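Q: Got a file for you: input39.txt, compact mmCIF, N, CA, C and O atoms.
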# COMPACT_ATOMS: atom_id res chain seq x y z
N VAL A 57 197.52 189.22 146.75
CA VAL A 57 196.88 190.49 147.06
C VAL A 57 196.50 191.16 145.74
O VAL A 57 197.28 191.17 144.80
N GLU A 58 195.30 191.71 145.69
CA GLU A 58 194.86 192.44 144.51
C GLU A 58 194.67 193.90 144.86
O GLU A 58 194.58 194.26 146.03
N GLY A 59 194.59 194.72 143.83
CA GLY A 59 194.25 196.11 144.04
C GLY A 59 195.38 196.98 144.55
O GLY A 59 195.16 197.88 145.34
N PHE A 60 196.62 196.72 144.09
CA PHE A 60 197.73 197.62 144.45
C PHE A 60 197.40 199.01 143.95
O PHE A 60 197.62 200.00 144.62
N PHE A 61 196.85 199.07 142.75
CA PHE A 61 196.37 200.33 142.18
C PHE A 61 194.97 200.10 141.67
O PHE A 61 194.60 198.98 141.32
N THR A 62 194.20 201.18 141.60
CA THR A 62 192.87 201.08 141.00
C THR A 62 192.77 202.06 139.85
O THR A 62 193.49 203.07 139.81
N ARG A 63 191.92 201.73 138.94
CA ARG A 63 191.64 202.61 137.81
C ARG A 63 190.12 202.64 137.69
O ARG A 63 189.50 201.60 137.56
N ASP A 64 189.56 203.82 137.76
CA ASP A 64 188.10 203.99 137.70
C ASP A 64 187.40 203.16 138.78
O ASP A 64 186.35 202.56 138.55
N GLY A 65 188.02 203.10 139.96
CA GLY A 65 187.42 202.41 141.09
C GLY A 65 187.54 200.89 141.07
O GLY A 65 187.05 200.21 141.95
N LYS A 66 188.19 200.35 140.04
CA LYS A 66 188.36 198.89 139.93
C LYS A 66 189.86 198.57 140.00
O LYS A 66 190.68 199.38 139.63
N PRO A 67 190.19 197.36 140.49
CA PRO A 67 191.61 196.99 140.53
C PRO A 67 192.25 197.08 139.14
O PRO A 67 191.62 196.73 138.15
N ASP A 68 193.46 197.59 139.11
CA ASP A 68 194.23 197.68 137.87
C ASP A 68 195.00 196.38 137.72
O ASP A 68 196.08 196.21 138.26
N THR A 69 194.41 195.44 136.98
CA THR A 69 195.01 194.10 136.88
C THR A 69 196.35 194.12 136.16
O THR A 69 197.21 193.28 136.43
N PHE A 70 196.56 195.08 135.26
CA PHE A 70 197.85 195.19 134.58
C PHE A 70 198.94 195.50 135.60
O PHE A 70 199.96 194.82 135.66
N ALA A 71 198.71 196.51 136.44
CA ALA A 71 199.70 196.86 137.46
C ALA A 71 199.86 195.72 138.46
O ALA A 71 200.97 195.39 138.88
N ASP A 72 198.74 195.13 138.85
CA ASP A 72 198.80 194.03 139.82
C ASP A 72 199.65 192.87 139.31
O ASP A 72 200.39 192.25 140.07
N SER A 73 199.56 192.59 138.00
CA SER A 73 200.33 191.47 137.46
C SER A 73 201.83 191.73 137.56
O SER A 73 202.62 190.80 137.67
N PHE A 74 202.23 193.01 137.54
CA PHE A 74 203.64 193.35 137.69
C PHE A 74 204.06 193.35 139.16
O PHE A 74 205.17 192.95 139.49
N LEU A 75 203.18 193.84 140.02
CA LEU A 75 203.57 194.04 141.41
C LEU A 75 203.34 192.83 142.29
O LEU A 75 203.94 192.72 143.36
N ASN A 76 202.49 191.92 141.88
CA ASN A 76 202.22 190.72 142.68
C ASN A 76 203.34 189.72 142.42
O ASN A 76 203.18 188.72 141.73
N ASP A 77 204.52 190.01 142.97
CA ASP A 77 205.75 189.31 142.63
C ASP A 77 206.53 188.99 143.91
O ASP A 77 207.01 189.89 144.59
N GLU A 78 206.62 187.71 144.22
CA GLU A 78 207.33 187.29 145.44
C GLU A 78 208.76 187.82 145.48
O GLU A 78 209.28 188.17 146.53
N ASN A 79 209.41 187.87 144.31
CA ASN A 79 210.78 188.37 144.26
C ASN A 79 210.85 189.86 144.61
O ASN A 79 211.79 190.32 145.24
N LEU A 80 209.82 190.62 144.21
CA LEU A 80 209.75 192.03 144.55
C LEU A 80 209.55 192.19 146.06
O LEU A 80 210.24 192.99 146.69
N PHE A 81 208.64 191.41 146.63
CA PHE A 81 208.40 191.50 148.08
C PHE A 81 209.66 191.15 148.85
O PHE A 81 209.99 191.78 149.85
N SER A 82 210.38 190.16 148.37
CA SER A 82 211.63 189.76 149.01
C SER A 82 212.67 190.87 148.91
O SER A 82 213.35 191.20 149.88
N LEU A 83 212.79 191.47 147.72
CA LEU A 83 213.74 192.56 147.50
C LEU A 83 213.44 193.73 148.44
O LEU A 83 214.36 194.32 149.02
N LEU A 84 212.16 194.05 148.59
CA LEU A 84 211.76 195.18 149.44
C LEU A 84 211.65 194.79 150.91
O LEU A 84 211.46 195.66 151.76
N ASN A 85 211.76 193.50 151.18
CA ASN A 85 211.66 192.99 152.54
C ASN A 85 210.34 193.42 153.19
O ASN A 85 210.31 193.96 154.30
N MET A 86 209.25 193.21 152.45
CA MET A 86 207.93 193.54 152.98
C MET A 86 206.89 192.61 152.38
O MET A 86 207.11 192.01 151.34
N SER A 87 205.76 192.53 153.05
CA SER A 87 204.68 191.67 152.57
C SER A 87 203.87 192.42 151.51
O SER A 87 203.94 193.65 151.41
N PRO A 88 203.07 191.67 150.74
CA PRO A 88 202.20 192.33 149.75
C PRO A 88 201.28 193.35 150.42
O PRO A 88 201.06 194.43 149.88
N THR A 89 200.77 193.01 151.58
CA THR A 89 199.86 193.92 152.29
C THR A 89 200.58 195.20 152.69
O THR A 89 200.03 196.30 152.55
N GLU A 90 201.81 195.08 153.15
CA GLU A 90 202.58 196.27 153.54
C GLU A 90 202.84 197.17 152.33
O GLU A 90 202.71 198.39 152.41
N LEU A 91 203.17 196.55 151.18
CA LEU A 91 203.40 197.33 149.98
C LEU A 91 202.11 198.05 149.56
O LEU A 91 202.12 199.24 149.26
N LYS A 92 201.00 197.33 149.60
CA LYS A 92 199.72 197.92 149.23
C LYS A 92 199.40 199.11 150.13
O LYS A 92 198.93 200.15 149.66
N GLN A 93 199.68 198.99 151.43
CA GLN A 93 199.42 200.09 152.37
C GLN A 93 200.28 201.31 152.04
O GLN A 93 199.80 202.44 152.10
N GLU A 94 201.54 201.08 151.69
CA GLU A 94 202.42 202.20 151.34
C GLU A 94 201.94 202.89 150.07
O GLU A 94 201.94 204.11 149.97
N LEU A 95 201.52 202.10 149.09
CA LEU A 95 201.03 202.67 147.83
C LEU A 95 199.73 203.45 148.07
O LEU A 95 199.50 204.48 147.44
N ALA A 96 198.91 202.97 148.99
CA ALA A 96 197.65 203.65 149.31
C ALA A 96 197.89 205.03 149.93
O ALA A 96 197.03 205.90 149.88
N LYS A 97 199.08 205.22 150.50
CA LYS A 97 199.43 206.51 151.09
C LYS A 97 199.87 207.51 150.03
O LYS A 97 200.23 208.64 150.34
N GLY A 98 199.90 207.07 148.76
CA GLY A 98 200.29 207.97 147.68
C GLY A 98 201.74 207.86 147.27
O GLY A 98 202.23 208.67 146.50
N LYS A 99 202.42 206.84 147.77
CA LYS A 99 203.83 206.64 147.39
C LYS A 99 203.89 205.79 146.13
O LYS A 99 203.01 204.98 145.86
N SER A 100 204.97 205.95 145.38
CA SER A 100 205.22 205.07 144.24
C SER A 100 206.07 203.90 144.72
O SER A 100 206.68 203.95 145.80
N VAL A 101 206.12 202.86 143.92
CA VAL A 101 206.98 201.71 144.25
C VAL A 101 208.44 202.17 144.34
O VAL A 101 209.18 201.73 145.20
N VAL A 102 208.83 203.10 143.45
CA VAL A 102 210.20 203.63 143.47
C VAL A 102 210.50 204.30 144.81
O VAL A 102 211.57 204.11 145.38
N GLU A 103 209.54 205.07 145.33
CA GLU A 103 209.73 205.74 146.62
C GLU A 103 209.81 204.74 147.76
O GLU A 103 210.63 204.89 148.68
N VAL A 104 208.96 203.72 147.71
CA VAL A 104 209.01 202.68 148.74
C VAL A 104 210.36 201.98 148.70
O VAL A 104 211.00 201.77 149.73
N ALA A 105 210.83 201.66 147.50
CA ALA A 105 212.12 201.00 147.33
C ALA A 105 213.25 201.88 147.88
O ALA A 105 214.13 201.39 148.60
N ALA A 106 213.21 203.17 147.57
CA ALA A 106 214.25 204.09 148.03
C ALA A 106 214.31 204.11 149.55
O ALA A 106 215.40 204.16 150.13
N SER A 107 213.16 204.03 150.19
CA SER A 107 213.14 204.04 151.66
C SER A 107 213.76 202.77 152.24
O SER A 107 214.12 202.73 153.41
N LYS A 108 213.89 201.75 151.39
CA LYS A 108 214.50 200.47 151.80
C LYS A 108 215.91 200.33 151.25
O LYS A 108 216.48 199.24 151.25
N ASN A 109 216.47 201.44 150.72
CA ASN A 109 217.80 201.44 150.09
C ASN A 109 217.89 200.46 148.93
O ASN A 109 218.90 199.79 148.73
N VAL A 110 216.81 200.40 148.15
CA VAL A 110 216.77 199.57 146.95
C VAL A 110 216.65 200.52 145.76
O VAL A 110 215.82 201.42 145.77
N SER A 111 217.48 200.32 144.74
CA SER A 111 217.48 201.23 143.60
C SER A 111 216.32 200.94 142.65
O SER A 111 215.78 199.82 142.62
N LYS A 112 215.98 201.94 141.88
CA LYS A 112 214.93 201.81 140.86
C LYS A 112 215.31 200.69 139.89
O LYS A 112 214.47 199.89 139.50
N GLN A 113 216.60 200.64 139.50
CA GLN A 113 217.04 199.62 138.54
C GLN A 113 216.87 198.22 139.11
O GLN A 113 216.50 197.29 138.39
N GLN A 114 217.12 198.04 140.41
CA GLN A 114 216.94 196.72 141.03
C GLN A 114 215.47 196.30 140.94
O GLN A 114 215.17 195.14 140.65
N VAL A 115 214.57 197.24 141.18
CA VAL A 115 213.13 196.95 141.11
C VAL A 115 212.75 196.58 139.67
O VAL A 115 212.07 195.58 139.43
N ILE A 116 213.23 197.37 138.72
CA ILE A 116 212.95 197.10 137.30
C ILE A 116 213.43 195.70 136.93
O ILE A 116 212.70 194.92 136.32
N ASP A 117 214.66 195.39 137.31
CA ASP A 117 215.26 194.10 136.94
C ASP A 117 214.48 192.92 137.52
O ASP A 117 214.23 191.93 136.84
N VAL A 118 214.08 193.04 138.79
CA VAL A 118 213.35 191.94 139.45
C VAL A 118 212.00 191.72 138.77
O VAL A 118 211.64 190.58 138.45
N ILE A 119 211.26 192.80 138.54
CA ILE A 119 209.92 192.66 137.94
C ILE A 119 210.04 192.17 136.50
O ILE A 119 209.32 191.26 136.09
N ALA A 120 210.95 192.76 135.72
CA ALA A 120 211.11 192.35 134.32
C ALA A 120 211.50 190.88 134.22
O ALA A 120 210.98 190.15 133.37
N LYS A 121 212.40 190.44 135.09
CA LYS A 121 212.84 189.04 135.06
C LYS A 121 211.66 188.11 135.33
O LYS A 121 211.48 187.10 134.63
N THR A 122 210.85 188.43 136.33
CA THR A 122 209.69 187.61 136.64
C THR A 122 208.71 187.57 135.47
O THR A 122 208.20 186.51 135.11
N GLN A 123 208.46 188.74 134.85
CA GLN A 123 207.52 188.80 133.73
C GLN A 123 208.03 187.98 132.54
O GLN A 123 207.25 187.26 131.90
N VAL A 124 209.32 188.07 132.27
CA VAL A 124 209.91 187.29 131.16
C VAL A 124 209.79 185.80 131.45
O VAL A 124 209.41 185.02 130.58
N GLU A 125 210.07 185.41 132.69
CA GLU A 125 209.98 183.99 133.04
C GLU A 125 208.54 183.48 132.89
O GLU A 125 208.32 182.39 132.38
N LYS A 126 207.56 184.30 133.30
CA LYS A 126 206.15 183.91 133.14
C LYS A 126 205.81 183.75 131.67
O LYS A 126 205.15 182.80 131.27
N GLU A 127 206.24 184.71 130.86
CA GLU A 127 205.95 184.67 129.43
C GLU A 127 206.60 183.46 128.77
O GLU A 127 205.98 182.77 127.96
N LEU A 128 207.83 183.17 129.13
CA LEU A 128 208.54 182.04 128.55
C LEU A 128 207.89 180.72 128.96
O LEU A 128 207.79 179.80 128.16
N GLN A 129 207.46 180.65 130.21
CA GLN A 129 206.78 179.43 130.68
C GLN A 129 205.53 179.19 129.85
O GLN A 129 205.25 178.07 129.45
N ALA A 130 204.78 180.24 129.60
CA ALA A 130 203.53 180.11 128.85
C ALA A 130 203.79 179.78 127.38
O ALA A 130 203.04 179.03 126.77
N ASP A 131 204.86 180.35 126.80
CA ASP A 131 205.10 180.21 125.36
C ASP A 131 205.96 179.01 124.96
O ASP A 131 205.80 178.50 123.87
N GLN A 132 206.87 178.62 125.81
CA GLN A 132 207.92 177.70 125.36
C GLN A 132 207.65 176.22 125.61
O GLN A 132 208.32 175.39 125.04
N ASN A 133 206.74 175.89 126.50
CA ASN A 133 206.51 174.48 126.82
C ASN A 133 207.81 173.75 127.15
O ASN A 133 208.09 172.67 126.65
N GLY A 134 208.64 174.40 127.96
CA GLY A 134 209.86 173.76 128.42
C GLY A 134 211.07 173.95 127.53
O GLY A 134 212.16 173.52 127.88
N ALA A 135 210.92 174.58 126.37
CA ALA A 135 212.06 174.81 125.49
C ALA A 135 213.00 175.83 126.13
O ALA A 135 212.57 176.72 126.83
N SER A 136 214.28 175.67 125.89
CA SER A 136 215.28 176.55 126.47
C SER A 136 215.44 177.81 125.63
O SER A 136 215.38 177.77 124.41
N VAL A 137 215.65 178.93 126.32
CA VAL A 137 215.86 180.21 125.64
C VAL A 137 217.18 180.78 126.15
O VAL A 137 217.47 180.72 127.35
N SER A 138 217.96 181.35 125.26
CA SER A 138 219.27 181.87 125.65
C SER A 138 219.14 183.08 126.57
O SER A 138 218.13 183.78 126.56
N ASN A 139 220.18 183.31 127.35
CA ASN A 139 220.20 184.48 128.24
C ASN A 139 220.11 185.77 127.44
O ASN A 139 219.50 186.74 127.88
N HIS A 140 220.70 185.78 126.25
CA HIS A 140 220.65 186.97 125.40
C HIS A 140 219.20 187.31 125.04
O HIS A 140 218.79 188.48 125.10
N VAL A 141 218.42 186.31 124.69
CA VAL A 141 217.01 186.54 124.35
C VAL A 141 216.25 187.03 125.60
O VAL A 141 215.46 187.97 125.51
N LYS A 142 216.53 186.44 126.75
CA LYS A 142 215.89 186.87 127.99
C LYS A 142 216.23 188.33 128.29
O LYS A 142 215.35 189.11 128.67
N GLU A 143 217.49 188.69 128.11
CA GLU A 143 217.91 190.07 128.36
C GLU A 143 217.20 191.04 127.41
O GLU A 143 216.78 192.12 127.82
N GLN A 144 217.05 190.65 126.15
CA GLN A 144 216.34 191.49 125.19
C GLN A 144 214.88 191.65 125.60
O GLN A 144 214.31 192.74 125.51
N MET A 145 214.27 190.59 126.05
CA MET A 145 212.87 190.64 126.49
C MET A 145 212.73 191.54 127.71
O MET A 145 211.79 192.32 127.82
N MET A 146 213.68 191.44 128.64
CA MET A 146 213.65 192.28 129.84
C MET A 146 213.77 193.76 129.46
O MET A 146 213.05 194.60 129.99
N LYS A 147 214.68 194.07 128.54
CA LYS A 147 214.86 195.45 128.08
C LYS A 147 213.57 195.97 127.43
O LYS A 147 213.18 197.12 127.63
N ALA A 148 212.92 195.13 126.65
CA ALA A 148 211.68 195.53 125.99
C ALA A 148 210.57 195.83 127.00
O ALA A 148 209.73 196.69 126.77
N LEU A 149 210.58 195.12 128.12
CA LEU A 149 209.56 195.32 129.15
C LEU A 149 209.83 196.53 130.02
O LEU A 149 208.92 197.03 130.69
N GLU A 150 211.06 197.01 130.04
CA GLU A 150 211.47 198.06 130.98
C GLU A 150 210.55 199.28 130.98
O GLU A 150 210.13 199.73 132.05
N PRO A 151 210.16 199.83 129.82
CA PRO A 151 209.28 201.02 129.86
C PRO A 151 207.94 200.75 130.56
O PRO A 151 207.43 201.61 131.28
N LYS A 152 207.38 199.56 130.36
CA LYS A 152 206.11 199.21 131.02
C LYS A 152 206.31 199.11 132.53
O LYS A 152 205.48 199.56 133.31
N VAL A 153 207.42 198.48 132.93
CA VAL A 153 207.71 198.33 134.35
C VAL A 153 207.89 199.71 134.99
O VAL A 153 207.32 199.99 136.05
N VAL A 154 208.65 200.59 134.33
CA VAL A 154 208.89 201.93 134.85
C VAL A 154 207.56 202.66 135.03
O VAL A 154 207.33 203.31 136.05
N HIS A 155 206.68 202.54 134.05
CA HIS A 155 205.37 203.20 134.13
C HIS A 155 204.62 202.76 135.40
O HIS A 155 204.05 203.58 136.12
N VAL A 156 204.65 201.46 135.69
CA VAL A 156 203.94 200.94 136.86
C VAL A 156 204.61 201.37 138.16
O VAL A 156 203.95 201.82 139.09
N ILE A 157 205.93 201.26 138.23
CA ILE A 157 206.59 201.52 139.51
C ILE A 157 206.71 203.01 139.83
O ILE A 157 206.95 203.37 140.98
N GLU A 158 206.54 203.88 138.83
CA GLU A 158 206.57 205.31 139.10
C GLU A 158 205.17 205.87 139.35
O GLU A 158 205.02 207.02 139.76
N HIS A 159 204.15 205.07 139.11
CA HIS A 159 202.76 205.49 139.29
C HIS A 159 202.46 205.71 140.77
O HIS A 159 202.95 205.01 141.63
N LYS A 160 201.64 206.70 141.03
CA LYS A 160 201.18 206.95 142.41
C LYS A 160 199.66 206.87 142.41
O LYS A 160 199.00 207.36 141.50
N SER A 161 199.12 206.26 143.45
CA SER A 161 197.69 206.22 143.61
C SER A 161 197.18 207.62 143.87
O SER A 161 197.85 208.41 144.53
N GLU A 162 196.03 207.91 143.35
CA GLU A 162 195.43 209.20 143.66
C GLU A 162 194.83 209.09 145.04
O GLU A 162 194.01 208.22 145.32
N THR A 163 195.27 209.97 145.91
CA THR A 163 194.76 209.96 147.28
C THR A 163 193.74 211.08 147.43
O THR A 163 193.90 212.15 146.84
N PRO A 164 192.67 210.83 148.18
CA PRO A 164 191.67 211.88 148.37
C PRO A 164 192.30 213.10 149.02
O PRO A 164 193.16 212.98 149.89
N ALA A 165 191.88 214.27 148.58
CA ALA A 165 192.40 215.51 149.16
C ALA A 165 191.96 215.60 150.61
O ALA A 165 190.81 215.29 150.95
N LYS A 166 192.88 216.00 151.46
CA LYS A 166 192.57 216.16 152.88
C LYS A 166 192.44 217.65 153.18
O LYS A 166 193.36 218.41 152.95
N ASN A 167 191.28 218.05 153.67
CA ASN A 167 191.06 219.47 153.98
C ASN A 167 191.30 219.75 155.43
O ASN A 167 191.10 219.01 156.30
Would you mind writing the file's structure down as structure tokens?
A:
Amino acid sequence: VEGFFTRDGKPDTFADSFLNDENLFSLLNMSPTELKQELAKGKSVVEVAASKNVSKQQVIDVIAKTQVEKELQADQNGASVSNHVKEQMMKALEPKVVHVIEHKSETPAKN
């Protein structure tokens, strides 16, 4: 699914790369389409997670872990990386993840 968020009327591929995550959908127990519909209503990922009794930290951890694994797959060509290095990479990604999951789509004003 594309277009979880849009920027200037176009899909925000940066946000999509974080949110298009099977582990996130599993954690939230919802499909990509369901998540997209909730975000379109003006909710943040954090708010959607809270409605499912999932903490903000759980969401951060799942997304950061997936992003680190993608990065390592692309960079390492099968080389092993210690858990400590993975944890450092996840911590470094946390501010970016928080920015995405706290973002709310701008919804048209209803008169």
Q: So how many Å separate CA of Gln144 in chain A and CA of Ile116 in chain A, to one decimal?
A: 13.8 Å
Q: Could you give me the residues within range 58-162 of chain A that DSSP places in strand (DSSP E or B), as a VMD selection string?
A: chain A and resid 62 to 63 66 to 67
Q: Hey, what does DSSP flag as helix (DSSP H, G or I) within range 72-149 of chain A? Can you give it to me as a ChimeraX atom specification?
A: /A:72-75,78-84,88-96,101-107,112-132,139-149
Q: Given 6 Å of margin on each side, can you work out the centre and size in Å (one decimal) of an axis-aligned box holding every listed atom of range 115-129 of chain A, as lines of an AutoDock Vina configuration file?
A:
center_x = 210.2
center_y = 187.7
center_z = 134.6
size_x = 22.1
size_y = 31.3
size_z = 25.2
Q: As an exercise, work out the distance from CA of Lys147 in chain A to atom N of Phe70 in chain A in Å and give it to one decimal place.
A: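 Distance reported for this atom pair: 19.7 Å.
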Q: Counting only N, CA, C and O atoms, which of A:Ile157, A:Leu84, A:Asp72, A:Leu149 gets nearest to Asn109 in chain A?
A: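 Residue with the minimum atom-to-atom distance to Asn109 in chain A: A:Leu84.
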Q: When you draw a straight line from CA of Gly59 in chain A to CA of Met145 in chain A, how long is it in Å?
A: 26.2 Å
Q: With only N, CA, C and O atoms as the basis for distance, which of A:Gln114, A:Thr62, A:Ser73, A:Asn139 is at the shortest distance from Lys160 in chain A?
A: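 Using only N, CA, C and O atoms, the shortest distance to Lys160 in chain A belongs to A:Thr62.
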Q: The residues within 8 Å of (208.9, 200.4, 146.2), using all atoms listed in the file and the coordinates of the file, should be reported as a short mmCIF file (atom, residue, chain, number, x, y, z; two decimals) with N, CA, C and O atoms, in the frame of the given file; which are they?
A:
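Printed below is selection_7.cif as written:
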data_model
loop_
_atom_site.label_atom_id
_atom_site.label_comp_id
_atom_site.auth_asym_id
_atom_site.auth_seq_id
_atom_site.Cartn_x
_atom_site.Cartn_y
_atom_site.Cartn_z
N LEU A 80 209.82 190.62 144.21
CA LEU A 80 209.75 192.03 144.55
C LEU A 80 209.55 192.19 146.06
O LEU A 80 210.24 192.99 146.69
N LEU A 84 212.16 194.05 148.59
CA LEU A 84 211.76 195.18 149.44
C LEU A 84 211.65 194.79 150.91
O LEU A 84 211.46 195.66 151.76
N LEU A 91 203.17 196.55 151.18
CA LEU A 91 203.40 197.33 149.98
C LEU A 91 202.11 198.05 149.56
O LEU A 91 202.12 199.24 149.26
N LYS A 99 202.42 206.84 147.77
CA LYS A 99 203.83 206.64 147.39
C LYS A 99 203.89 205.79 146.13
O LYS A 99 203.01 204.98 145.86
N SER A 100 204.97 205.95 145.38
CA SER A 100 205.22 205.07 144.24
C SER A 100 206.07 203.90 144.72
O SER A 100 206.68 203.95 145.80
N VAL A 101 206.12 202.86 143.92
CA VAL A 101 206.98 201.71 144.25
C VAL A 101 208.44 202.17 144.34
O VAL A 101 209.18 201.73 145.20
N VAL A 102 208.83 203.10 143.45
CA VAL A 102 210.20 203.63 143.47
C VAL A 102 210.50 204.30 144.81
O VAL A 102 211.57 204.11 145.38
N GLU A 103 209.54 205.07 145.33
CA GLU A 103 209.73 205.74 146.62
C GLU A 103 209.81 204.74 147.76
O GLU A 103 210.63 204.89 148.68
N VAL A 104 208.96 203.72 147.71
CA VAL A 104 209.01 202.68 148.74
C VAL A 104 210.36 201.98 148.70
O VAL A 104 211.00 201.77 149.73
N ALA A 105 210.83 201.66 147.50
CA ALA A 105 212.12 201.00 147.33
C ALA A 105 213.25 201.88 147.88
O ALA A 105 214.13 201.39 148.60
N ALA A 106 213.21 203.17 147.57
CA ALA A 106 214.25 204.09 148.03
C ALA A 106 214.31 204.11 149.55
O ALA A 106 215.40 204.16 150.13
N SER A 107 213.16 204.03 150.19
CA SER A 107 213.14 204.04 151.66
C SER A 107 213.76 202.77 152.24
O SER A 107 214.12 202.73 153.41
N LYS A 108 213.89 201.75 151.39
CA LYS A 108 214.50 200.47 151.80
C LYS A 108 215.91 200.33 151.25
O LYS A 108 216.48 199.24 151.25
N VAL A 110 216.81 200.40 148.15
CA VAL A 110 216.77 199.57 146.95
C VAL A 110 216.65 200.52 145.76
O VAL A 110 215.82 201.42 145.77
N SER A 111 217.48 200.32 144.74
CA SER A 111 217.48 201.23 143.60
C SER A 111 216.32 200.94 142.65
O SER A 111 215.78 199.82 142.62
N VAL A 115 214.57 197.24 141.18
CA VAL A 115 213.13 196.95 141.11
C VAL A 115 212.75 196.58 139.67
O VAL A 115 212.07 195.58 139.43
N ILE A 157 205.93 201.26 138.23
CA ILE A 157 206.59 201.52 139.51
C ILE A 157 206.71 203.01 139.83
O ILE A 157 206.95 203.37 140.98
#
Q: Could you model all heavy atoms for range 72-78 of chain A and present them as a short mmCIF file (atom, residue, chain, number, x, y, z; two decimals), keeping the file's coordinate frame?
A:
data_model
loop_
_atom_site.label_atom_id
_atom_site.label_comp_id
_atom_site.auth_asym_id
_atom_site.auth_seq_id
_atom_site.Cartn_x
_atom_site.Cartn_y
_atom_site.Cartn_z
N ASP A 72 198.74 195.13 138.85
CA ASP A 72 198.80 194.03 139.82
C ASP A 72 199.65 192.87 139.31
O ASP A 72 200.39 192.25 140.07
CB ASP A 72 197.40 193.52 140.17
CG ASP A 72 196.64 194.47 141.08
OD1 ASP A 72 197.24 195.48 141.53
OD2 ASP A 72 195.46 194.20 141.35
N SER A 73 199.56 192.59 138.00
CA SER A 73 200.33 191.47 137.46
C SER A 73 201.83 191.73 137.56
O SER A 73 202.62 190.80 137.67
CB SER A 73 199.93 191.19 136.00
OG SER A 73 200.40 192.20 135.15
N PHE A 74 202.23 193.01 137.54
CA PHE A 74 203.64 193.35 137.69
C PHE A 74 204.06 193.35 139.16
O PHE A 74 205.17 192.95 139.49
CB PHE A 74 203.92 194.73 137.09
CG PHE A 74 204.13 194.72 135.61
CD1 PHE A 74 203.12 194.31 134.75
CD2 PHE A 74 205.32 195.13 135.06
CE1 PHE A 74 203.31 194.29 133.37
CE2 PHE A 74 205.52 195.13 133.68
CZ PHE A 74 204.51 194.71 132.84
N LEU A 75 203.18 193.84 140.02
CA LEU A 75 203.57 194.04 141.41
C LEU A 75 203.34 192.83 142.29
O LEU A 75 203.94 192.72 143.36
CB LEU A 75 202.81 195.25 142.00
CG LEU A 75 203.10 196.57 141.30
CD1 LEU A 75 202.31 197.69 141.96
CD2 LEU A 75 204.59 196.90 141.30
N ASN A 76 202.49 191.92 141.88
CA ASN A 76 202.22 190.72 142.68
C ASN A 76 203.34 189.72 142.42
O ASN A 76 203.18 188.72 141.73
CB ASN A 76 200.86 190.14 142.31
CG ASN A 76 200.09 189.71 143.52
OD1 ASN A 76 200.67 189.52 144.59
ND2 ASN A 76 198.80 189.55 143.37
N ASP A 77 204.52 190.01 142.97
CA ASP A 77 205.75 189.31 142.63
C ASP A 77 206.53 188.99 143.91
O ASP A 77 207.01 189.89 144.59
CB ASP A 77 206.57 190.22 141.70
CG ASP A 77 207.87 189.61 141.22
OD1 ASP A 77 208.36 188.63 141.83
OD2 ASP A 77 208.42 190.14 140.24
N GLU A 78 206.62 187.71 144.22
CA GLU A 78 207.33 187.29 145.44
C GLU A 78 208.76 187.82 145.48
O GLU A 78 209.28 188.17 146.53
CB GLU A 78 207.34 185.76 145.56
CG GLU A 78 206.01 185.16 145.93
CD GLU A 78 205.47 185.67 147.26
OE1 GLU A 78 206.25 185.86 148.21
OE2 GLU A 78 204.24 185.90 147.34
#
